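**Q** One file is attached below, input06.cif, containing mmCIF, C-alpha atoms and all ligand atoms.
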```cif
data_my_file
#
loop_
_atom_site.label_atom_id
_atom_site.label_comp_id
_atom_site.auth_asym_id
_atom_site.auth_seq_id
_atom_site.Cartn_x
_atom_site.Cartn_y
_atom_site.Cartn_z
CA MET A 1 0.00 0.00 0.00
CA THR A 2 1.66 3.22 -1.16
CA ARG A 3 -1.09 5.80 -0.69
CA TYR A 4 -3.99 6.70 1.57
CA HIS A 5 -7.54 5.93 0.36
CA PRO A 6 -8.77 8.55 -2.20
CA VAL A 7 -11.71 9.50 0.06
CA LEU A 8 -9.25 10.16 2.90
CA VAL A 9 -7.02 12.15 0.52
CA THR A 10 -9.99 14.30 -0.57
CA LEU A 11 -11.08 14.87 3.03
CA HIS A 12 -7.50 15.62 4.17
CA TRP A 13 -7.05 18.49 1.71
CA LEU A 14 -10.62 19.80 1.97
CA LEU A 15 -10.40 19.82 5.78
CA ALA A 16 -6.91 21.34 5.68
CA LEU A 17 -8.43 24.33 3.82
CA LEU A 18 -11.50 24.56 6.05
CA ILE A 19 -9.60 24.22 9.35
CA ILE A 20 -6.86 26.71 8.43
CA ALA A 21 -9.55 29.17 7.21
CA ALA A 22 -11.59 28.70 10.43
CA LEU A 23 -8.49 29.34 12.57
CA LEU A 24 -7.55 32.49 10.65
CA ILE A 25 -11.10 33.87 10.45
CA GLY A 26 -11.81 33.03 14.14
CA ASN A 27 -8.66 34.77 15.30
CA PHE A 28 -8.50 37.76 12.96
CA ALA A 29 -12.15 38.41 11.99
CA LEU A 30 -14.45 37.02 14.71
CA ASP A 31 -12.55 37.61 17.96
CA PRO A 32 -11.89 41.36 17.38
CA ILE A 33 -15.61 42.23 16.83
CA PRO A 34 -17.15 43.47 20.13
CA GLU A 35 -20.26 41.66 21.41
CA SER A 36 -22.21 44.95 21.11
CA ASP A 37 -21.66 45.12 17.31
CA PRO A 38 -24.60 43.52 15.36
CA ALA A 39 -22.05 42.23 12.78
CA LYS A 40 -20.84 39.79 15.45
CA ILE A 41 -24.06 37.75 15.10
CA ASP A 42 -23.48 37.22 11.36
CA ALA A 43 -19.82 36.36 11.95
CA LEU A 44 -20.81 33.86 14.66
CA ARG A 45 -23.43 32.27 12.39
CA SER A 46 -20.84 31.53 9.67
CA HIS A 47 -18.32 30.40 12.31
CA MET A 48 -20.75 27.99 13.96
CA ILE A 49 -21.99 26.55 10.64
CA GLY A 50 -18.36 26.16 9.52
CA GLY A 51 -17.55 24.40 12.81
CA ALA A 52 -20.47 21.99 12.35
CA VAL A 53 -19.38 21.16 8.77
CA ILE A 54 -15.82 20.54 10.02
CA LEU A 55 -17.15 18.26 12.78
CA LEU A 56 -19.23 16.18 10.34
CA LEU A 57 -16.39 15.82 7.82
CA MET A 58 -13.90 14.93 10.60
CA LEU A 59 -16.22 12.16 11.82
CA VAL A 60 -16.51 10.73 8.28
CA ARG A 61 -12.74 11.03 7.93
CA LEU A 62 -12.10 9.21 11.20
CA VAL A 63 -14.33 6.30 10.10
CA VAL A 64 -12.59 6.14 6.69
CA ARG A 65 -9.13 6.32 8.37
CA LEU A 66 -9.97 3.45 10.73
CA ARG A 67 -11.61 1.27 8.07
CA THR A 68 -9.28 1.59 5.08
CA GLU A 69 -5.77 0.31 4.44
CA HIS A 70 -3.01 2.90 4.66
CA PRO A 71 0.72 2.99 3.86
CA PRO A 72 3.20 1.73 6.48
CA GLU A 73 4.40 4.42 8.90
CA ALA A 74 6.88 6.80 7.29
CA ASP A 75 10.42 6.18 8.59
CA ILE A 76 12.51 9.22 9.38
CA GLY A 77 15.40 7.12 10.71
CA ILE A 78 14.90 7.96 14.43
CA SER A 79 12.35 5.75 16.20
CA ALA A 80 11.38 8.43 18.77
CA LEU A 81 10.51 10.83 15.92
CA ASN A 82 8.45 8.15 14.18
CA ARG A 83 6.48 7.72 17.40
CA ILE A 84 6.01 11.50 17.73
CA ALA A 85 4.67 11.63 14.15
CA ARG A 86 2.05 8.96 14.95
CA LEU A 87 1.02 10.78 18.15
CA ALA A 88 0.91 14.12 16.32
CA HIS A 89 -1.52 12.74 13.71
CA TRP A 90 -3.93 11.53 16.41
CA ALA A 91 -3.45 14.81 18.33
CA LEU A 92 -4.61 16.68 15.20
CA TYR A 93 -7.90 14.76 15.29
CA LEU A 94 -8.22 15.22 19.06
CA LEU A 95 -7.59 18.98 19.00
CA VAL A 96 -10.15 19.55 16.24
CA PHE A 97 -12.77 17.63 18.26
CA ALA A 98 -11.78 19.54 21.44
CA LEU A 99 -12.12 22.84 19.59
CA VAL A 100 -15.58 22.02 18.27
CA GLY A 101 -16.58 20.62 21.69
CA SER A 102 -15.53 23.77 23.56
CA GLY A 103 -17.28 25.88 20.87
CA ILE A 104 -20.52 23.93 21.39
CA ALA A 105 -20.13 24.27 25.19
CA MET A 106 -19.83 28.05 24.77
CA SER A 107 -22.87 28.09 22.52
CA VAL A 108 -25.00 26.16 25.06
CA LEU A 109 -23.81 28.11 28.14
CA GLY A 110 -24.21 31.45 26.35
CA GLY A 111 -27.65 30.57 24.91
CA LEU A 112 -26.42 31.30 21.36
CA PRO A 113 -28.82 29.26 19.11
CA PRO A 114 -31.91 31.54 19.55
CA ILE A 115 -29.78 34.71 19.20
CA VAL A 116 -27.68 33.55 16.24
CA PHE A 117 -30.21 31.38 14.34
CA GLY A 118 -33.60 32.41 15.78
CA GLY A 119 -33.24 36.21 15.57
CA SER A 120 -34.42 36.55 19.20
CA GLY A 121 -32.87 40.02 19.49
CA ASP A 122 -31.39 39.19 22.94
CA PRO A 123 -27.90 40.59 23.59
CA LEU A 124 -24.89 38.30 23.12
CA PRO A 125 -23.16 37.06 26.28
CA VAL A 126 -19.69 38.38 27.14
CA PHE A 127 -17.68 35.44 25.82
CA ASP A 128 -14.63 36.07 28.00
CA GLU A 129 -16.82 35.40 31.06
CA LEU A 130 -17.77 31.90 29.81
CA ALA A 131 -15.50 29.14 31.13
CA PRO A 132 -15.04 27.26 27.79
CA ARG A 133 -13.84 30.47 26.06
CA ALA A 134 -10.30 30.11 27.47
CA ALA A 135 -10.23 26.42 26.48
CA HIS A 136 -11.41 27.29 22.94
CA GLY A 137 -8.61 29.88 22.58
CA PHE A 138 -6.03 27.43 24.01
CA PHE A 139 -7.10 24.57 21.67
CA ALA A 140 -7.06 26.96 18.70
CA ALA A 141 -3.50 28.09 19.50
CA ALA A 142 -2.32 24.49 20.12
CA LEU A 143 -3.88 23.30 16.84
CA ALA A 144 -2.29 26.17 14.89
CA ILE A 145 1.17 25.32 16.30
CA LEU A 146 0.72 21.59 15.59
CA ILE A 147 -0.41 22.31 12.01
CA LEU A 148 2.68 24.48 11.45
CA GLY A 149 4.86 21.62 12.75
CA HIS A 150 2.94 19.15 10.56
CA ILE A 151 3.49 21.28 7.43
CA ALA A 152 7.18 21.74 8.29
CA ALA A 153 7.54 17.94 8.74
CA ALA A 154 5.85 17.28 5.38
CA PHE A 155 8.28 19.63 3.63
CA TYR A 156 11.27 18.18 5.53
CA HIS A 157 10.33 14.73 4.16
CA GLU A 158 9.77 16.08 0.67
CA LEU A 159 12.72 18.45 0.29
CA VAL A 160 15.41 17.04 2.60
CA ARG A 161 14.75 13.30 2.67
CA HIS A 162 13.28 13.16 -0.85
CA ASP A 163 11.03 10.25 0.16
CA GLY A 164 7.96 11.43 -1.80
CA LEU A 165 5.83 11.60 1.37
CA ILE A 166 3.36 14.13 -0.05
CA SER A 167 2.44 11.71 -2.88
CA ARG A 168 1.16 9.29 -0.18
CA MET A 169 -1.50 11.90 0.56
CA TRP A 170 -2.42 12.28 -3.14
CA PHE A 171 -4.39 10.37 -5.78
CA GLY A 172 -2.94 7.56 -7.89
CA LYS A 173 -2.25 3.82 -7.98
CA ARG A 174 -2.24 2.45 -4.44
CA SER A 175 -0.23 -0.74 -4.89
C1 LIG B 1 -12.89 23.49 13.98
C2 LIG B 1 -13.79 24.34 14.32
C3 LIG B 1 -13.48 25.69 14.97
C4 LIG B 1 -12.36 26.49 14.87
C5 LIG B 1 -11.09 26.22 14.08
C6 LIG B 1 -12.59 27.65 15.70
C7 LIG B 1 -11.69 28.69 15.88
C8 LIG B 1 -11.91 29.80 16.68
C9 LIG B 1 -10.94 30.82 16.93
C10 LIG B 1 -9.50 30.84 16.37
C11 LIG B 1 -11.53 31.76 17.75
C12 LIG B 1 -10.85 32.99 18.33
C13 LIG B 1 -10.03 32.51 19.50
C14 LIG B 1 -8.98 33.45 19.97
O1 LIG B 1 -8.56 34.33 19.24
O2 LIG B 1 -8.53 33.28 21.13
C15 LIG B 1 -12.88 31.31 18.04
C16 LIG B 1 -13.80 31.95 18.85
C17 LIG B 1 -15.09 31.50 19.10
N1 LIG B 1 -15.67 30.34 18.60
FE1 LIG B 1 -14.77 28.96 17.45
N2 LIG B 1 -13.83 27.54 16.28
C18 LIG B 1 -14.41 26.37 15.85
C19 LIG B 1 -15.65 25.86 16.16
C20 LIG B 1 -16.60 26.54 16.89
C21 LIG B 1 -17.95 26.07 17.13
C22 LIG B 1 -18.51 24.73 16.62
C23 LIG B 1 -18.59 27.03 17.88
C24 LIG B 1 -19.99 27.05 18.40
C25 LIG B 1 -20.89 26.14 18.19
C26 LIG B 1 -17.64 28.11 18.11
C27 LIG B 1 -17.89 29.27 18.82
C28 LIG B 1 -16.99 30.28 19.07
C29 LIG B 1 -17.26 31.44 19.89
C30 LIG B 1 -18.57 31.77 20.59
C31 LIG B 1 -16.06 32.19 19.92
C32 LIG B 1 -15.82 33.45 20.77
C33 LIG B 1 -15.86 34.68 19.99
C34 LIG B 1 -15.33 35.83 20.82
O3 LIG B 1 -14.82 35.65 21.94
O4 LIG B 1 -15.42 36.94 20.32
N3 LIG B 1 -16.44 27.78 17.51
N4 LIG B 1 -13.08 30.10 17.36
C1 LIG B 2 -0.81 22.60 3.72
C2 LIG B 2 -1.03 21.89 4.78
C3 LIG B 2 -0.76 20.41 4.92
C4 LIG B 2 0.20 19.58 4.35
C5 LIG B 2 1.31 19.98 3.36
C6 LIG B 2 -0.06 18.24 4.84
C7 LIG B 2 0.65 17.11 4.47
C8 LIG B 2 0.37 15.83 4.88
C9 LIG B 2 1.02 14.64 4.38
C10 LIG B 2 2.13 14.61 3.34
C11 LIG B 2 0.50 13.57 5.05
C12 LIG B 2 0.90 12.09 4.87
C13 LIG B 2 1.77 11.66 6.01
C14 LIG B 2 2.18 10.20 5.90
O1 LIG B 2 2.10 9.61 4.82
O2 LIG B 2 2.59 9.64 6.92
C15 LIG B 2 -0.48 14.07 5.98
C16 LIG B 2 -1.23 13.30 6.85
C17 LIG B 2 -2.08 13.79 7.79
N1 LIG B 2 -2.47 15.11 7.93
FE1 LIG B 2 -1.81 16.68 6.83
N2 LIG B 2 -1.09 18.27 5.74
C18 LIG B 2 -1.56 19.58 5.81
C19 LIG B 2 -2.58 20.04 6.59
C20 LIG B 2 -3.23 19.30 7.56
C21 LIG B 2 -4.20 19.85 8.50
C22 LIG B 2 -4.68 21.32 8.56
C23 LIG B 2 -4.58 18.85 9.30
C24 LIG B 2 -5.55 19.04 10.43
C25 LIG B 2 -6.32 18.17 10.93
C26 LIG B 2 -3.87 17.62 8.87
C27 LIG B 2 -3.97 16.36 9.44
C28 LIG B 2 -3.34 15.21 8.99
C29 LIG B 2 -3.51 13.89 9.58
C30 LIG B 2 -4.37 13.55 10.81
C31 LIG B 2 -2.73 13.00 8.81
C32 LIG B 2 -2.58 11.46 9.00
C33 LIG B 2 -3.55 10.79 8.08
C34 LIG B 2 -4.93 10.73 8.70
O3 LIG B 2 -5.08 10.05 9.72
O4 LIG B 2 -5.85 11.39 8.19
N3 LIG B 2 -3.05 17.95 7.80
N4 LIG B 2 -0.55 15.45 5.85
#
```
What does the file become when written as structure tokens?
**A**
Amino acid sequence: MTRYHPVLVTLHWLLALLIIAALLIGNFALDPIPESDPAKIDALRSHMIGGAVILLLMLVRLVVRLRTEHPPEADIGISALNRIARLAHWALYLLVFALVGSGIAMSVLGGLPPIVFGGSGDPLPVFDELAPRAAHGFFAAALAILILGHIAAAFYHELVRHDGLISRMWFGKRS
């Protein structure tokens, strides 16, 4: 087996785009808008719908990852680093689920659904006063750092070790 399943490949790259966009938009476009600004409700609506789409696609991806054959673990020549790579891949799944989970917790505690989707006209809560807000910010920062490390590792394989790692996460003959 030389490549991941094409459904996993499609989901990997689609989710890479969606997750990186959600991190950038959350940090640079959503967070700076004050709760008193009506534009915050529209920004939250897109953010929450985006988060739900990411959750659904991640669940499908997890099932596909567990049920399909995949290439043997990439060997970087140092067994501790190979182990870190395996842990890092599962940590990427875990952090995305933790991020969505803390987002949903904020939504429930802050009574967001009627305000954001029902047009109730009630004021938004002050997010910094909700306990899961700090966790959401922490998971977002941790995920961003892990993704940067993940991208650096992919390019290290490709450009320094020349082992064609990126082609394992692309379409083509699998055996
Ligand atoms: C993978 C999915 C998600 C990503 C990548 C993401 C990312 C972010 C980021 C980066 C921020 C700003 C954090 C900061 O700068 O410290 C944020 C804030 C927030 N997110 Fe998410 N989020 C996701 C899912 C969700 C979901 C599913 C919900 C609700 C159902 C949600 C609700 C919120 C709320 C209420 C805020 C606070 C806004 C504020 O304090 O102004 N998020 N998110
Ligand atoms: C431009 C950005 C990215 C590049 C260049 C990239 C590259 C790669 C490559 C080459 C592999 C195959 C590794 C192997 O064969 O052992 C891989 C796997 C993986 N990538 Fe990425 N990736 C990117 C973004 C992301 C993002 C944003 C996530 C966030 C969840 C992610 C999560 C994963 C996971 C979990 C795997 C292991 C396969 C699986 O279980 O789905 N990647 N990536």
**Q** Wanna dump the chain A-ligand LIG 2 (chain B) contacts at 6 Å for me, each residue with its shortest atom pair and the distance in Å to one decimal, counting only C-alpha atoms and all ligand atoms, ordered by chain and number, as CSV?
**A**
```
residue,atom,partner,partner_atom,distance
A:Ala16,CA,B:LIG2,C22,3.6
A:Ile19,CA,B:LIG2,C22,5.8
A:Ile20,CA,B:LIG2,C22,5.8
A:Arg65,CA,B:LIG2,O3,5.7
A:Glu73,CA,B:LIG2,O2,5.9
A:Ala74,CA,B:LIG2,O2,5.2
A:His89,CA,B:LIG2,C30,4.1
A:Trp90,CA,B:LIG2,C30,6.0
A:Leu92,CA,B:LIG2,C25,4.8
A:Tyr93,CA,B:LIG2,C25,5.8
A:Ile147,CA,B:LIG2,C22,5.6
A:Ile151,CA,B:LIG2,C5,4.8
A:Ala154,CA,B:LIG2,C10,5.0
A:Leu165,CA,B:LIG2,C10,5.2
A:Ile166,CA,B:LIG2,C10,3.6
A:Arg168,CA,B:LIG2,O1,5.1
A:Met169,CA,B:LIG2,C12,4.9
```
**Q** Save the residues we just selected, C-alpha atoms, as a PDB file, in the coordinates of the input?
**A**
```
ATOM      1  CA  ALA A  16      -6.910  21.340   5.680  1.00  0.00           C
ATOM      2  CA  ILE A  19      -9.600  24.220   9.350  1.00  0.00           C
ATOM      3  CA  ILE A  20      -6.860  26.710   8.430  1.00  0.00           C
ATOM      4  CA  ARG A  65      -9.130   6.320   8.370  1.00  0.00           C
ATOM      5  CA  GLU A  73       4.400   4.420   8.900  1.00  0.00           C
ATOM      6  CA  ALA A  74       6.880   6.800   7.290  1.00  0.00           C
ATOM      7  CA  HIS A  89      -1.520  12.740  13.710  1.00  0.00           C
ATOM      8  CA  TRP A  90      -3.930  11.530  16.410  1.00  0.00           C
ATOM      9  CA  LEU A  92      -4.610  16.680  15.200  1.00  0.00           C
ATOM     10  CA  TYR A  93      -7.900  14.760  15.290  1.00  0.00           C
ATOM     11  CA  ILE A 147      -0.410  22.310  12.010  1.00  0.00           C
ATOM     12  CA  ILE A 151       3.490  21.280   7.430  1.00  0.00           C
ATOM     13  CA  ALA A 154       5.850  17.280   5.380  1.00  0.00           C
ATOM     14  CA  LEU A 165       5.830  11.600   1.370  1.00  0.00           C
ATOM     15  CA  ILE A 166       3.360  14.130  -0.050  1.00  0.00           C
ATOM     16  CA  ARG A 168       1.160   9.290  -0.180  1.00  0.00           C
ATOM     17  CA  MET A 169      -1.500  11.900   0.560  1.00  0.00           C
TER      18      MET A 169
END
```
**Q** Can you work out which one of A:Gly77, A:Gly26, A:Pro38, A:Pro72 has the shortest atom-to-atom distance to ligand LIG 1 (chain B), counting only C-alpha atoms and all ligand atoms?
**A** A:Gly26
**Q** My list of candidates is A:Gly149, A:Pro123, A:Gly172, A:Gly50. Which is closest to ligand LIG 1 (chain B) when distances are computed with all atoms listed in the file?
**A**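 Among the listed residues, the smallest separation from ligand LIG 1 (chain B) belongs to A:Gly50.
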**Q** Counting all atoms listed in the file, which of A:Ile49, A:Ile54, A:Glu158, A:Ala141 gets nearest to Leu14 (chain A)?
**A**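 Answer, going by the shortest atom-to-atom distance: A:Ile54.
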**Q** Would you list the contacts of His5 (chain A) as a count of residues only, taking every protein, DNA or RNA residue within 9 Å and counting all atoms listed in the file, but skipping same-chain residues closer than 6 positions in sequence?
**A** 9
**Q** Residues within 6 Å of ligand LIG 1 (chain B) should be enumerated using only C-alpha atoms and all ligand atoms and returned as a PyMOL selection string.
**A** chain A and resi 19+22-23+26-27+30-31+48+51-52+54+96+99-100+103-104+106-107+127+137+140
**Q** Could you tell me how far CA of Ala43 (chain A) sits from CA of Gly121 (chain A), in Å to one decimal place?
**A**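 Value for the CA of Gly121 (chain A)-CA of Ala43 (chain A) distance: 15.5 Å.
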**Q** Ranking A:His12, A:His136, A:Lys173, A:His162 by minimum distance to Ile76 (chain A) and counting only C-alpha atoms, which one comes first?
**A**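 So, comparing all the options, the nearest one is A:His162.
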